[in-house]
$ cat run-v1.tsv   # TSV, C-alpha atoms
chain	number	residue	atom	x	y	z
V	1	MET	CA	0.00	0.00	0.00
V	2	ARG	CA	1.17	3.50	-0.80
V	3	ILE	CA	0.24	6.60	1.19
V	4	VAL	CA	0.60	9.82	-0.76
V	5	ALA	CA	1.46	12.45	1.83
V	6	ALA	CA	2.95	15.32	-0.25
V	7	LYS	CA	3.46	17.37	2.91
V	8	LYS	CA	6.21	19.59	4.22
V	9	ILE	CA	8.59	17.67	6.47
V	10	LEU	CA	8.77	20.54	8.95
V	11	LYS	CA	4.99	20.92	8.81
V	12	ALA	CA	4.74	20.26	12.54
V	13	ASN	CA	7.23	23.07	13.22
V	14	ASP	CA	5.49	25.39	10.75
V	15	GLN	CA	2.10	24.73	12.37
V	16	LEU	CA	3.48	25.45	15.82
V	17	ALA	CA	5.14	28.59	14.49
V	18	GLU	CA	1.76	29.70	13.11
V	19	GLU	CA	0.23	29.01	16.50
V	20	ASN	CA	2.95	31.10	18.17
V	21	ARG	CA	2.31	33.93	15.69
V	22	ARG	CA	-1.43	33.83	16.42
V	23	LYS	CA	-0.73	33.96	20.13
V	24	PHE	CA	1.66	36.91	19.71
V	25	ASN	CA	-0.90	38.70	17.51
V	26	ALA	CA	-3.70	38.16	20.02
V	27	ALA	CA	-1.49	39.57	22.79
V	28	GLY	CA	-0.33	42.51	20.63
V	29	ALA	CA	3.31	41.46	20.92
V	30	PHE	CA	5.54	41.96	17.88
V	31	CYS	CA	8.10	39.20	17.53
V	32	VAL	CA	11.54	39.45	15.93
V	33	ASN	CA	13.99	36.61	15.26
V	34	ILE	CA	17.62	37.77	15.39
V	35	VAL	CA	20.09	35.51	13.57
V	36	GLY	CA	23.82	35.65	12.92
V	37	SER	CA	27.16	34.03	13.72
V	38	PRO	CA	28.48	33.60	17.25
V	39	GLY	CA	30.06	36.91	18.19
V	40	CYS	CA	28.43	39.03	15.47
V	41	GLY	CA	26.89	41.29	18.10
V	42	LYS	CA	23.32	40.05	18.54
V	43	THR	CA	23.12	40.71	22.29
V	44	THR	CA	24.99	44.00	21.93
V	45	LEU	CA	22.54	45.15	19.25
V	46	LEU	CA	19.64	44.25	21.55
V	47	GLU	CA	21.18	46.26	24.39
V	48	ALA	CA	21.70	49.25	22.11
V	49	LEU	CA	18.17	48.99	20.67
V	50	PHE	CA	16.59	48.84	24.12
V	51	ALA	CA	18.62	51.89	25.19
V	52	GLN	CA	17.42	53.70	22.04
V	53	LEU	CA	13.78	52.68	22.48
V	54	GLY	CA	13.82	53.69	26.15
V	55	GLY	CA	10.43	53.47	27.79
V	56	THR	CA	8.49	53.70	24.50
V	57	VAL	CA	8.01	49.94	24.24
V	58	ALA	CA	7.67	47.07	26.69
V	59	PRO	CA	10.18	44.47	25.49
V	60	ALA	CA	11.12	40.94	26.49
V	61	VAL	CA	13.80	38.60	25.22
V	62	ILE	CA	14.15	34.88	24.57
V	63	GLU	CA	17.83	33.93	24.54
V	64	GLY	CA	18.84	30.79	22.65
V	65	ASP	CA	22.22	29.28	23.43
V	66	ILE	CA	23.71	25.82	23.44
V	67	ALA	CA	24.78	26.31	27.06
V	68	GLY	CA	24.94	28.90	29.80
V	69	SER	CA	23.06	32.08	30.58
V	70	ILE	CA	25.66	34.76	29.85
V	71	ASP	CA	23.43	36.64	27.39
V	72	ALA	CA	20.32	36.31	29.55
V	73	GLU	CA	22.21	37.86	32.47
V	74	ARG	CA	23.11	40.85	30.29
V	75	ILE	CA	19.44	41.39	29.40
V	76	ASP	CA	18.34	40.79	32.98
V	77	ALA	CA	20.76	43.50	34.11
V	78	LEU	CA	18.69	45.96	32.03
V	79	GLY	CA	15.58	45.02	33.99
V	80	ILE	CA	14.01	43.45	30.89
V	81	PRO	CA	12.13	40.13	31.24
V	82	VAL	CA	14.19	37.33	29.73
V	83	VAL	CA	13.92	33.56	29.34
V	84	GLN	CA	17.00	31.51	28.52
V	85	ILE	CA	16.66	28.43	26.33
V	86	ASN	CA	19.57	25.99	26.47
V	87	THR	CA	19.40	23.75	23.43
V	88	ASP	CA	21.88	21.21	24.85
V	89	GLY	CA	23.78	20.93	21.62
V	90	ALA	CA	21.06	21.72	19.09
V	91	CYS	CA	22.26	24.30	16.58
V	92	HIS	CA	19.02	26.27	16.23
V	93	LEU	CA	15.81	27.17	18.02
V	94	ASP	CA	12.55	25.67	16.85
V	95	ALA	CA	8.91	26.65	17.32
V	96	THR	CA	8.36	24.21	20.22
V	97	MET	CA	11.18	25.74	22.25
V	98	VAL	CA	9.83	29.24	21.62
V	99	GLN	CA	6.31	28.17	22.58
V	100	ALA	CA	7.58	26.82	25.89
V	101	ALA	CA	9.78	29.87	26.54
V	102	ALA	CA	6.95	32.32	25.74
V	103	GLU	CA	4.95	30.81	28.58
V	104	GLY	CA	7.45	32.49	30.88
V	105	PHE	CA	6.03	35.93	29.96
V	106	ASP	CA	2.78	37.75	30.52
V	107	LEU	CA	2.43	38.34	26.75
V	108	PRO	CA	-0.38	40.96	26.83
V	109	THR	CA	1.92	43.28	28.82
V	110	LEU	CA	4.57	43.14	26.05
V	111	ASP	CA	4.93	45.10	22.79
V	112	LEU	CA	8.10	43.55	21.50
V	113	LEU	CA	9.45	40.03	21.89
V	114	MET	CA	13.01	39.63	20.66
V	115	ILE	CA	14.30	36.12	20.07
V	116	GLU	CA	18.07	35.85	19.93
V	117	ASN	CA	18.67	32.64	18.02
V	118	VAL	CA	21.65	30.32	18.50
V	119	GLY	CA	24.73	31.80	16.81
V	120	ASN	CA	24.70	29.93	13.50
V	121	LEU	CA	24.42	30.94	9.84
V	122	VAL	CA	23.22	27.57	8.57
V	123	CYS	CA	20.79	25.66	10.72
V	124	THR	CA	18.68	28.58	11.93
V	125	ALA	CA	17.51	29.27	8.37
V	126	GLY	CA	14.98	26.46	8.11
V	127	PHE	CA	12.97	26.95	11.29
V	128	ASP	CA	10.09	29.42	11.48
V	129	LEU	CA	9.62	30.38	15.13
V	130	GLY	CA	6.44	32.39	14.73
V	131	GLU	CA	8.23	35.71	14.34
V	132	HIS	CA	6.90	38.70	12.39
V	133	LEU	CA	10.36	39.77	11.22
V	134	ARG	CA	13.74	38.18	10.87
V	135	ILE	CA	16.84	40.34	11.14
V	136	ALA	CA	20.20	38.90	10.08
V	137	LEU	CA	23.46	40.31	11.40
V	138	LEU	CA	26.85	40.29	9.71
V	139	SER	CA	29.79	41.83	11.53
V	140	VAL	CA	32.66	43.48	9.70
V	141	PRO	CA	35.34	41.05	11.01
V	142	GLU	CA	33.45	38.08	9.53
V	143	GLY	CA	34.15	39.32	6.01
V	144	ASP	CA	32.07	40.62	3.13
V	145	ASP	CA	31.76	37.23	1.38
V	146	LYS	CA	29.34	35.66	3.86
V	147	LEU	CA	26.14	36.38	1.89
V	148	ALA	CA	27.61	34.51	-1.06
V	149	LYS	CA	28.74	31.64	1.18
V	150	TYR	CA	25.66	31.31	3.42
V	151	PRO	CA	22.86	32.62	1.20
V	152	ALA	CA	19.87	30.80	2.72
V	153	ILE	CA	19.87	32.66	6.02
V	154	PHE	CA	20.11	36.07	4.33
V	155	ARG	CA	17.60	35.22	1.60
V	156	GLY	CA	14.86	34.65	4.15
V	157	SER	CA	15.56	37.78	6.24
V	158	ASP	CA	13.64	41.07	6.27
V	159	ALA	CA	16.67	43.14	7.15
V	160	LEU	CA	20.42	42.91	7.35
V	161	ALA	CA	22.38	44.82	9.96
V	162	ILE	CA	26.07	45.15	9.17
V	163	THR	CA	27.51	45.43	12.67
V	164	LYS	CA	30.80	46.75	14.09
V	165	VAL	CA	31.16	49.25	11.23
V	166	ASP	CA	33.53	51.25	13.47
V	167	LEU	CA	36.06	48.53	12.48
V	168	LEU	CA	35.76	49.21	8.73
V	169	PRO	CA	39.09	51.11	8.58
V	170	HIS	CA	40.88	47.95	9.80
V	171	PHE	CA	39.32	45.38	7.46
V	172	ASP	CA	39.00	44.89	3.71
V	173	PHE	CA	35.24	44.80	3.96
V	174	ASP	CA	33.32	46.08	0.95
V	175	VAL	CA	29.96	47.41	2.18
V	176	ALA	CA	28.81	48.00	-1.41
V	177	ARG	CA	29.38	44.31	-2.21
V	178	VAL	CA	27.32	43.23	0.79
V	179	ARG	CA	24.51	45.63	-0.16
V	180	SER	CA	24.55	44.35	-3.73
V	181	ASP	CA	24.57	40.68	-2.62
V	182	MET	CA	21.68	41.34	-0.23
V	183	LYS	CA	19.71	43.01	-3.02
V	184	ALA	CA	20.16	39.91	-5.19
V	185	LEU	CA	19.14	37.55	-2.38
V	186	ALA	CA	16.32	39.58	-0.81
V	187	SER	CA	15.45	42.60	-2.92
V	188	LYS	CA	12.98	44.04	-0.40
V	189	ALA	CA	15.20	43.73	2.67
V	190	LYS	CA	16.49	46.81	4.47
V	191	VAL	CA	20.23	47.11	5.03
V	192	PHE	CA	21.58	48.99	8.06
V	193	GLU	CA	25.14	49.88	8.97
V	194	VAL	CA	25.49	49.97	12.72
V	195	SER	CA	28.06	50.29	15.44
V	196	ALA	CA	26.76	49.81	18.94
V	197	LYS	CA	30.14	50.94	20.22
V	198	ALA	CA	30.10	54.25	18.33
V	199	GLY	CA	26.33	54.53	18.66
V	200	THR	CA	25.76	54.86	14.91
V	201	GLY	CA	22.88	53.39	12.92
V	202	ILE	CA	20.95	52.21	15.98
V	203	GLU	CA	18.43	55.03	15.62
V	204	GLU	CA	17.62	53.93	12.05
V	205	VAL	CA	17.07	50.31	13.09
V	206	ALA	CA	14.84	51.40	15.98
V	207	ALA	CA	12.83	53.72	13.71
V	208	TRP	CA	12.31	50.99	11.10
V	209	LEU	CA	11.32	48.51	13.80
V	210	GLY	CA	8.82	51.05	15.12
V	211	GLU	CA	7.35	51.49	11.62
V	212	ARG	CA	7.00	47.75	11.14
V	213	MET	CA	5.34	47.38	14.55
V	214	GLN	CA	2.87	50.13	13.64
V	215	ALA	CA	2.17	48.65	10.20
V	216	ARG	CA	1.34	45.19	11.51
Y	217	MET	CA	23.38	19.00	11.96
Y	218	HIS	CA	19.85	20.35	11.82
Y	219	GLU	CA	19.22	17.27	9.69
Y	220	VAL	CA	18.75	15.33	12.97
Y	221	SER	CA	15.80	17.55	13.96
Y	222	ILE	CA	14.41	17.23	10.45
Y	223	VAL	CA	14.58	13.43	10.49
Y	224	GLU	CA	12.96	13.38	13.95
Y	225	ALA	CA	10.12	15.48	12.51
Y	226	LEU	CA	9.98	13.18	9.48
Y	227	ILE	CA	9.64	9.99	11.54
Y	228	GLU	CA	6.88	11.52	13.66
Y	229	GLN	CA	5.13	12.66	10.52
Y	230	VAL	CA	5.31	9.21	8.92
Y	231	GLU	CA	3.91	7.63	12.09
Y	232	GLY	CA	1.09	10.19	12.03
Y	233	GLU	CA	0.29	9.61	8.35
Y	234	VAL	CA	0.26	5.83	8.74
Y	235	ALA	CA	-2.02	6.05	11.79
Y	236	ARG	CA	-4.32	8.46	9.96
Y	237	ALA	CA	-4.58	6.11	6.99
Y	238	GLY	CA	-5.48	3.31	9.40
Y	239	ALA	CA	-2.70	1.25	7.83
Y	240	ALA	CA	-0.69	-1.47	9.48
Y	241	GLY	CA	2.54	-3.22	8.61
Y	242	LYS	CA	6.11	-2.21	7.98
Y	243	VAL	CA	7.16	0.88	6.09
Y	244	THR	CA	9.35	-0.32	3.23
Y	245	ARG	CA	10.05	2.88	1.35
Y	246	LEU	CA	9.83	6.63	1.87
Y	247	SER	CA	10.18	9.16	-0.90
Y	248	LEU	CA	11.24	12.71	-0.14
Y	249	SER	CA	11.85	15.88	-2.13
Y	250	ILE	CA	14.70	17.96	-0.76
Y	251	GLY	CA	15.19	21.11	-2.82
Y	252	ARG	CA	18.75	21.95	-3.80
Y	253	LEU	CA	18.57	25.30	-2.01
Y	254	SER	CA	16.90	23.96	1.13
Y	255	GLY	CA	20.15	24.05	3.06
Y	256	VAL	CA	19.70	20.38	3.86
Y	257	GLN	CA	22.18	17.76	2.71
Y	258	PRO	CA	20.61	14.47	1.52
Y	259	ASP	CA	23.70	12.59	2.76
Y	260	SER	CA	23.21	14.02	6.24
Y	261	ILE	CA	19.52	13.10	6.07
Y	262	ARG	CA	20.50	9.51	5.26
Y	263	PHE	CA	23.02	9.47	8.09
Y	264	ALA	CA	20.49	10.84	10.60
Y	265	PHE	CA	17.91	8.36	9.32
Y	266	GLU	CA	20.25	5.43	9.98
Y	267	LEU	CA	20.83	6.80	13.45
Y	268	LEU	CA	17.22	7.48	14.38
Y	269	SER	CA	15.12	4.90	12.54
Y	270	PRO	CA	15.98	1.73	14.52
Y	271	GLY	CA	13.11	0.78	16.81
Y	272	THR	CA	10.62	2.98	14.93
Y	273	LEU	CA	8.01	2.23	12.26
Y	274	VAL	CA	10.47	3.16	9.52
Y	275	GLU	CA	13.32	0.88	10.58
Y	276	ASN	CA	14.98	-0.60	7.46
Y	277	ALA	CA	12.81	1.44	5.09
Y	278	ALA	CA	14.47	2.54	1.86
Y	279	LEU	CA	14.91	6.28	1.56
Y	280	GLU	CA	14.43	7.79	-1.90
Y	281	ILE	CA	15.43	11.42	-2.13
Y	282	GLU	CA	14.64	13.54	-5.16
Y	283	GLU	CA	16.45	16.90	-5.37
Y	284	PRO	CA	14.47	19.42	-7.37
Y	285	PRO	CA	16.48	22.40	-8.69
Y	286	ALA	CA	15.70	26.08	-8.28
Y	287	VAL	CA	15.21	28.47	-11.19
Y	288	CYS	CA	16.86	31.86	-11.58
Y	289	VAL	CA	14.47	34.19	-13.42
Y	290	CYS	CA	16.22	37.25	-14.82
Y	291	ALA	CA	14.29	40.50	-15.22
Y	292	GLY	CA	17.13	41.82	-17.41
Y	293	CYS	CA	17.36	39.27	-20.23
Y	294	GLY	CA	14.37	37.08	-19.41
Y	295	ALA	CA	16.49	33.92	-19.08
Y	296	ARG	CA	15.27	31.10	-16.86
Y	297	THR	CA	18.24	29.09	-15.64
Y	298	GLU	CA	18.10	25.91	-13.58
Y	299	LEU	CA	20.28	26.20	-10.49
Y	300	ASP	CA	22.04	23.63	-8.29
Y	301	ASP	CA	23.21	26.40	-6.02
Y	302	PHE	CA	22.36	29.96	-5.10
Y	303	CYS	CA	23.47	32.60	-7.56
Y	304	LEU	CA	23.81	36.33	-7.06
Y	305	GLU	CA	23.64	37.22	-10.73
Y	306	CYS	CA	21.97	35.87	-13.86
Y	307	PRO	CA	24.19	33.09	-15.29
Y	308	SER	CA	23.29	34.30	-18.83
Y	309	CYS	CA	23.76	38.07	-18.72
Y	310	GLY	CA	25.24	38.86	-15.28
Y	311	SER	CA	22.31	41.08	-14.24
Y	312	ARG	CA	21.56	41.23	-10.52
Y	313	ASP	CA	17.91	41.95	-11.17
Y	314	ILE	CA	16.94	38.34	-10.57
Y	315	SER	CA	14.56	36.28	-8.53
Y	316	ILE	CA	15.30	32.74	-7.41
Y	317	GLN	CA	12.26	30.51	-7.42
Y	318	GLY	CA	11.75	27.11	-5.80
Y	319	GLY	CA	14.42	24.71	-4.66
Y	320	ARG	CA	13.68	25.25	-0.96
Y	321	GLU	CA	11.06	22.56	-0.53
Y	322	MET	CA	11.38	19.69	1.94
Y	323	LEU	CA	8.51	17.30	1.33
Y	324	LEU	CA	7.46	13.87	2.42
Y	325	GLN	CA	5.97	12.58	-0.84
Y	326	THR	CA	4.97	8.94	-0.42
Y	327	ILE	CA	5.08	6.13	2.12
Y	328	ASP	CA	5.09	2.51	0.95
Y	329	LEU	CA	3.88	-0.14	3.38
Y	330	ASP	CA	4.19	-3.87	3.28
Y	331	GLU	CA	0.92	-5.11	4.72
Y	332	GLU	CA	1.04	-8.55	6.14
$ encode --input "run-v1.tsv" --output "structure tokens"
Amino acid sequence: MRIVAAKKILKANDQLAEENRRKFNAAGAFCVNIVGSPGCGKTTLLEALFAQLGGTVAPAVIEGDIAGSIDAERIDALGIPVVQINTDGACHLDATMVQAAAEGFDLPTLDLLMIENVGNLVCTAGFDLGEHLRIALLSVPEGDDKLAKYPAIFRGSDALAITKVDLLPHFDFDVARVRSDMKALASKAKVFEVSAKAGTGIEEVAAWLGERMQAR
Amino acid sequence: MHEVSIVEALIEQVEGEVARAGAAGKVTRLSLSIGRLSGVQPDSIRFAFELLSPGTLVENAALEIEEPPAVCVCAGCGARTELDDFCLECPSCGSRDISIQGGREMLLQTIDLDEE
């Protein structure tokens, strides 16, 4: 006997992600999935964004890491609600983990739920978490060839933040190349150049985020 | 190795489909479509399947994996080029005004059962 399924293999994840999105919508919480390599500046960007947004939004953070709670402690120090997920070796977050973590918040009191994914440019690409936006980060020291080498993660993102641009004088990093590659992979995506250290570009990211939250 | 999570999801899905169909017996063959731009390696899927299938309904089932290509559609010259890999420019004219269609699918197509 043959059963014709013709169904997505990650259908269970996609369905759960849809459920998460419905739950976030009902609570009025806007959800963003932040992806990028280990050390690209995901937590630092979050800290800078929260400083920029000030008291205008009520944020919370889900931190995804293989082990430890270093990032969660940094967010906690800002007085922002945070739940740490330890994946115990798994290289990405999935919708089940996010569903369980989101239970740690009183969602209706939140405007903005940031999910910091596990630092990984490959495996995080395939798993919808129920977010409204995905922002990919690429830091200057990683090199300007990463969009060409890891296209899937950038192709599915709504924005690209080039981070640590204060280091541009020290690296052969061609911003124009990255912008052009991003245009080919995701023509509608926004590209930001930021330095949390120098405090540049953060305002633009915050403003765009605000627009997208309004437009939802 | 996100392929491990994918194979876990696959095995659960097969068990669900077989139960829904009210079928009994051993699964002898599974056919999958894994798009060439899905970011998933068929070899890693096979490896994870060998690791995870023992003791489940799909133990010893043959795994058939079809790998559909993606298509680069160029707004510049109108060319439609089949792709094995991502491209950043049209392989025909070099334009960057392109859209890449398909090739990302990961589907469970059919399940064959040996009913005893």
$ residues_around --input "run-v1.tsv" --residues "Ala101 of chain V" --least-positions-apart "2" --cutoff "10 Å" --atoms "only C-alpha atoms" --output "VMD selection string"
chain V and resid 61 to 64 82 to 85 95 to 99 103 to 105
$ write_last_selection --input "run-v1.tsv" --atoms "C-alpha atoms" --output "CSV table (one decimal), in the frame of the given file"
chain,number,residue,atom,x,y,z
V,61,VAL,CA,13.8,38.6,25.2
V,62,ILE,CA,14.2,34.9,24.6
V,63,GLU,CA,17.8,33.9,24.5
V,64,GLY,CA,18.8,30.8,22.6
V,82,VAL,CA,14.2,37.3,29.7
V,83,VAL,CA,13.9,33.6,29.3
V,84,GLN,CA,17.0,31.5,28.5
V,85,ILE,CA,16.7,28.4,26.3
V,95,ALA,CA,8.9,26.6,17.3
V,96,THR,CA,8.4,24.2,20.2
V,97,MET,CA,11.2,25.7,22.2
V,98,VAL,CA,9.8,29.2,21.6
V,99,GLN,CA,6.3,28.2,22.6
V,103,GLU,CA,5.0,30.8,28.6
V,104,GLY,CA,7.4,32.5,30.9
V,105,PHE,CA,6.0,35.9,30.0
$ closest_residue --input "run-v1.tsv" --among "Y:Ile281, Y:Cys293, Y:Ala264, Y:Leu329" --to "Asp313 of chain Y" --atoms "all atoms listed in the file"
Y:Cys293
$ interface_residues --input "run-v1.tsv" --of "chain V" --to "chain Y" --cutoff "12 Å" --atoms "only C-alpha atoms" --output "PDB file with C-alpha atoms, keeping the file's coordinate frame"
ATOM      1  CA  MET V   1       0.000   0.000   0.000  1.00  0.00           C
ATOM      2  CA  ARG V   2       1.170   3.500  -0.800  1.00  0.00           C
ATOM      3  CA  ILE V   3       0.240   6.600   1.190  1.00  0.00           C
ATOM      4  CA  VAL V   4       0.600   9.820  -0.760  1.00  0.00           C
ATOM      5  CA  ALA V   5       1.460  12.450   1.830  1.00  0.00           C
ATOM      6  CA  ALA V   6       2.950  15.320  -0.250  1.00  0.00           C
ATOM      7  CA  LYS V   7       3.460  17.370   2.910  1.00  0.00           C
ATOM      8  CA  LYS V   8       6.210  19.590   4.220  1.00  0.00           C
ATOM      9  CA  ILE V   9       8.590  17.670   6.470  1.00  0.00           C
ATOM     10  CA  LEU V  10       8.770  20.540   8.950  1.00  0.00           C
ATOM     11  CA  LYS V  11       4.990  20.920   8.810  1.00  0.00           C
ATOM     12  CA  ALA V  12       4.740  20.260  12.540  1.00  0.00           C
ATOM     13  CA  ASN V  13       7.230  23.070  13.220  1.00  0.00           C
ATOM     14  CA  ASP V  14       5.490  25.390  10.750  1.00  0.00           C
ATOM     15  CA  THR V  87      19.400  23.750  23.430  1.00  0.00           C
ATOM     16  CA  GLY V  89      23.780  20.930  21.620  1.00  0.00           C
ATOM     17  CA  ALA V  90      21.060  21.720  19.090  1.00  0.00           C
ATOM     18  CA  CYS V  91      22.260  24.300  16.580  1.00  0.00           C
ATOM     19  CA  HIS V  92      19.020  26.270  16.230  1.00  0.00           C
ATOM     20  CA  LEU V  93      15.810  27.170  18.020  1.00  0.00           C
ATOM     21  CA  ASP V  94      12.550  25.670  16.850  1.00  0.00           C
ATOM     22  CA  ALA V  95       8.910  26.650  17.320  1.00  0.00           C
ATOM     23  CA  THR V  96       8.360  24.210  20.220  1.00  0.00           C
ATOM     24  CA  ASN V 120      24.700  29.930  13.500  1.00  0.00           C
ATOM     25  CA  LEU V 121      24.420  30.940   9.840  1.00  0.00           C
ATOM     26  CA  VAL V 122      23.220  27.570   8.570  1.00  0.00           C
ATOM     27  CA  CYS V 123      20.790  25.660  10.720  1.00  0.00           C
ATOM     28  CA  THR V 124      18.680  28.580  11.930  1.00  0.00           C
ATOM     29  CA  ALA V 125      17.510  29.270   8.370  1.00  0.00           C
ATOM     30  CA  GLY V 126      14.980  26.460   8.110  1.00  0.00           C
ATOM     31  CA  PHE V 127      12.970  26.950  11.290  1.00  0.00           C
ATOM     32  CA  ASP V 145      31.760  37.230   1.380  1.00  0.00           C
ATOM     33  CA  LEU V 147      26.140  36.380   1.890  1.00  0.00           C
ATOM     34  CA  ALA V 148      27.610  34.510  -1.060  1.00  0.00           C
ATOM     35  CA  LYS V 149      28.740  31.640   1.180  1.00  0.00           C
ATOM     36  CA  TYR V 150      25.660  31.310   3.420  1.00  0.00           C
ATOM     37  CA  PRO V 151      22.860  32.620   1.200  1.00  0.00           C
ATOM     38  CA  ALA V 152      19.870  30.800   2.720  1.00  0.00           C
ATOM     39  CA  ILE V 153      19.870  32.660   6.020  1.00  0.00           C
ATOM     40  CA  PHE V 154      20.110  36.070   4.330  1.00  0.00           C
ATOM     41  CA  ARG V 155      17.600  35.220   1.600  1.00  0.00           C
ATOM     42  CA  GLY V 156      14.860  34.650   4.150  1.00  0.00           C
ATOM     43  CA  ARG V 177      29.380  44.310  -2.210  1.00  0.00           C
ATOM     44  CA  VAL V 178      27.320  43.230   0.790  1.00  0.00           C
ATOM     45  CA  ARG V 179      24.510  45.630  -0.160  1.00  0.00           C
ATOM     46  CA  SER V 180      24.550  44.350  -3.730  1.00  0.00           C
ATOM     47  CA  ASP V 181      24.570  40.680  -2.620  1.00  0.00           C
ATOM     48  CA  MET V 182      21.680  41.340  -0.230  1.00  0.00           C
ATOM     49  CA  LYS V 183      19.710  43.010  -3.020  1.00  0.00           C
ATOM     50  CA  ALA V 184      20.160  39.910  -5.190  1.00  0.00           C
ATOM     51  CA  LEU V 185      19.140  37.550  -2.380  1.00  0.00           C
ATOM     52  CA  ALA V 186      16.320  39.580  -0.810  1.00  0.00           C
ATOM     53  CA  SER V 187      15.450  42.600  -2.920  1.00  0.00           C
ATOM     54  CA  LYS V 188      12.980  44.040  -0.400  1.00  0.00           C
TER      55      LYS V 188
END
$ atom_distance --input "run-v1.tsv" --atom1 "atom CA of Gly292 of chain Y" --atom2 "atom CA of Gly319 of chain Y"
21.5 Å
$ residues_around --input "run-v1.tsv" --residues "segment 67-80 of chain V" --least-positions-apart "3" --cutoff "12 Å" --atoms "all atoms listed in the file" --output "VMD selection string"
chain V and resid 38 to 39 41 to 51 54 to 55 57 to 64 83 to 91 105 110 112 to 119
$ atom_distance --input "run-v1.tsv" --atom1 "atom CA of Pro270 of chain Y" --atom2 "atom CA of Ile66 of chain V"
26.8 Å
$ residues_near_point --input "run-v1.tsv" --point "(23.9, 53.8, 12.9)" --cutoff "12 Å" --atoms "all atoms listed in the file" --output "list in words"
Leu45, Ala48, Leu49, Gln52, Ala161, Ile162, Thr163, Lys164, Val165, Asp166, Val191, Phe192, Glu193, Val194, Ser195, Ala196, Lys197, Ala198, Gly199, Thr200, Gly201, Ile202, Glu203, Glu204, Val205, Ala206 and Ala207 of chain V
$ atom_distance --input "run-v1.tsv" --atom1 "atom CA of Glu298 of chain Y" --atom2 "atom CA of Lys190 of chain V"
27.7 Å
$ closest_residue --input "run-v1.tsv" --among "V:Pro108, V:Pro169, V:Gly36, V:Gly210" --to "Ala136 of chain V" --atoms "all atoms listed in the file"
V:Gly36
$ residues_around --input "run-v1.tsv" --residues "Pro285 of chain Y" --least-positions-apart "3" --cutoff "6 Å" --atoms "all atoms listed in the file" --output "list in words"
Arg252, Leu299, Asp300 and Gly319 of chain Y
$ decode --input "run-v1.tsv" --residues "segment 89-102 of chain V" --atoms "N, CA and C atoms" --output "short mmCIF file (atom, residue, chain, number, x, y, z; two decimals), in the first residue's frame"
data_model
loop_
_atom_site.label_atom_id
_atom_site.label_comp_id
_atom_site.auth_asym_id
_atom_site.auth_seq_id
_atom_site.Cartn_x
_atom_site.Cartn_y
_atom_site.Cartn_z
N GLY V 89 23.09 21.44 22.80
CA GLY V 89 23.78 20.93 21.62
C GLY V 89 23.08 21.23 20.32
N ALA V 90 21.76 21.44 20.35
CA ALA V 90 21.06 21.72 19.09
C ALA V 90 21.51 23.08 18.56
N CYS V 91 21.62 23.15 17.22
CA CYS V 91 22.26 24.30 16.58
C CYS V 91 21.28 25.40 16.21
N HIS V 92 20.03 25.28 16.62
CA HIS V 92 19.02 26.27 16.23
C HIS V 92 17.88 26.20 17.24
N LEU V 93 17.07 27.23 17.26
CA LEU V 93 15.81 27.17 18.02
C LEU V 93 14.72 26.65 17.08
N ASP V 94 13.71 26.01 17.66
CA ASP V 94 12.55 25.67 16.85
C ASP V 94 11.28 26.20 17.53
N ALA V 95 10.15 26.02 16.85
CA ALA V 95 8.91 26.65 17.32
C ALA V 95 8.45 26.09 18.67
N THR V 96 8.75 24.80 18.93
CA THR V 96 8.36 24.21 20.22
C THR V 96 9.08 24.89 21.37
N MET V 97 10.39 25.11 21.18
CA MET V 97 11.18 25.74 22.25
C MET V 97 10.65 27.14 22.52
N VAL V 98 10.32 27.86 21.45
CA VAL V 98 9.83 29.24 21.62
C VAL V 98 8.47 29.24 22.30
N GLN V 99 7.63 28.27 21.94
CA GLN V 99 6.31 28.17 22.58
C GLN V 99 6.47 27.99 24.10
N ALA V 100 7.37 27.08 24.46
CA ALA V 100 7.58 26.82 25.89
C ALA V 100 8.17 28.06 26.58
N ALA V 101 9.13 28.70 25.93
CA ALA V 101 9.78 29.87 26.54
C ALA V 101 8.78 31.03 26.70
N ALA V 102 7.89 31.19 25.71
CA ALA V 102 6.95 32.32 25.74
C ALA V 102 5.98 32.21 26.91
#
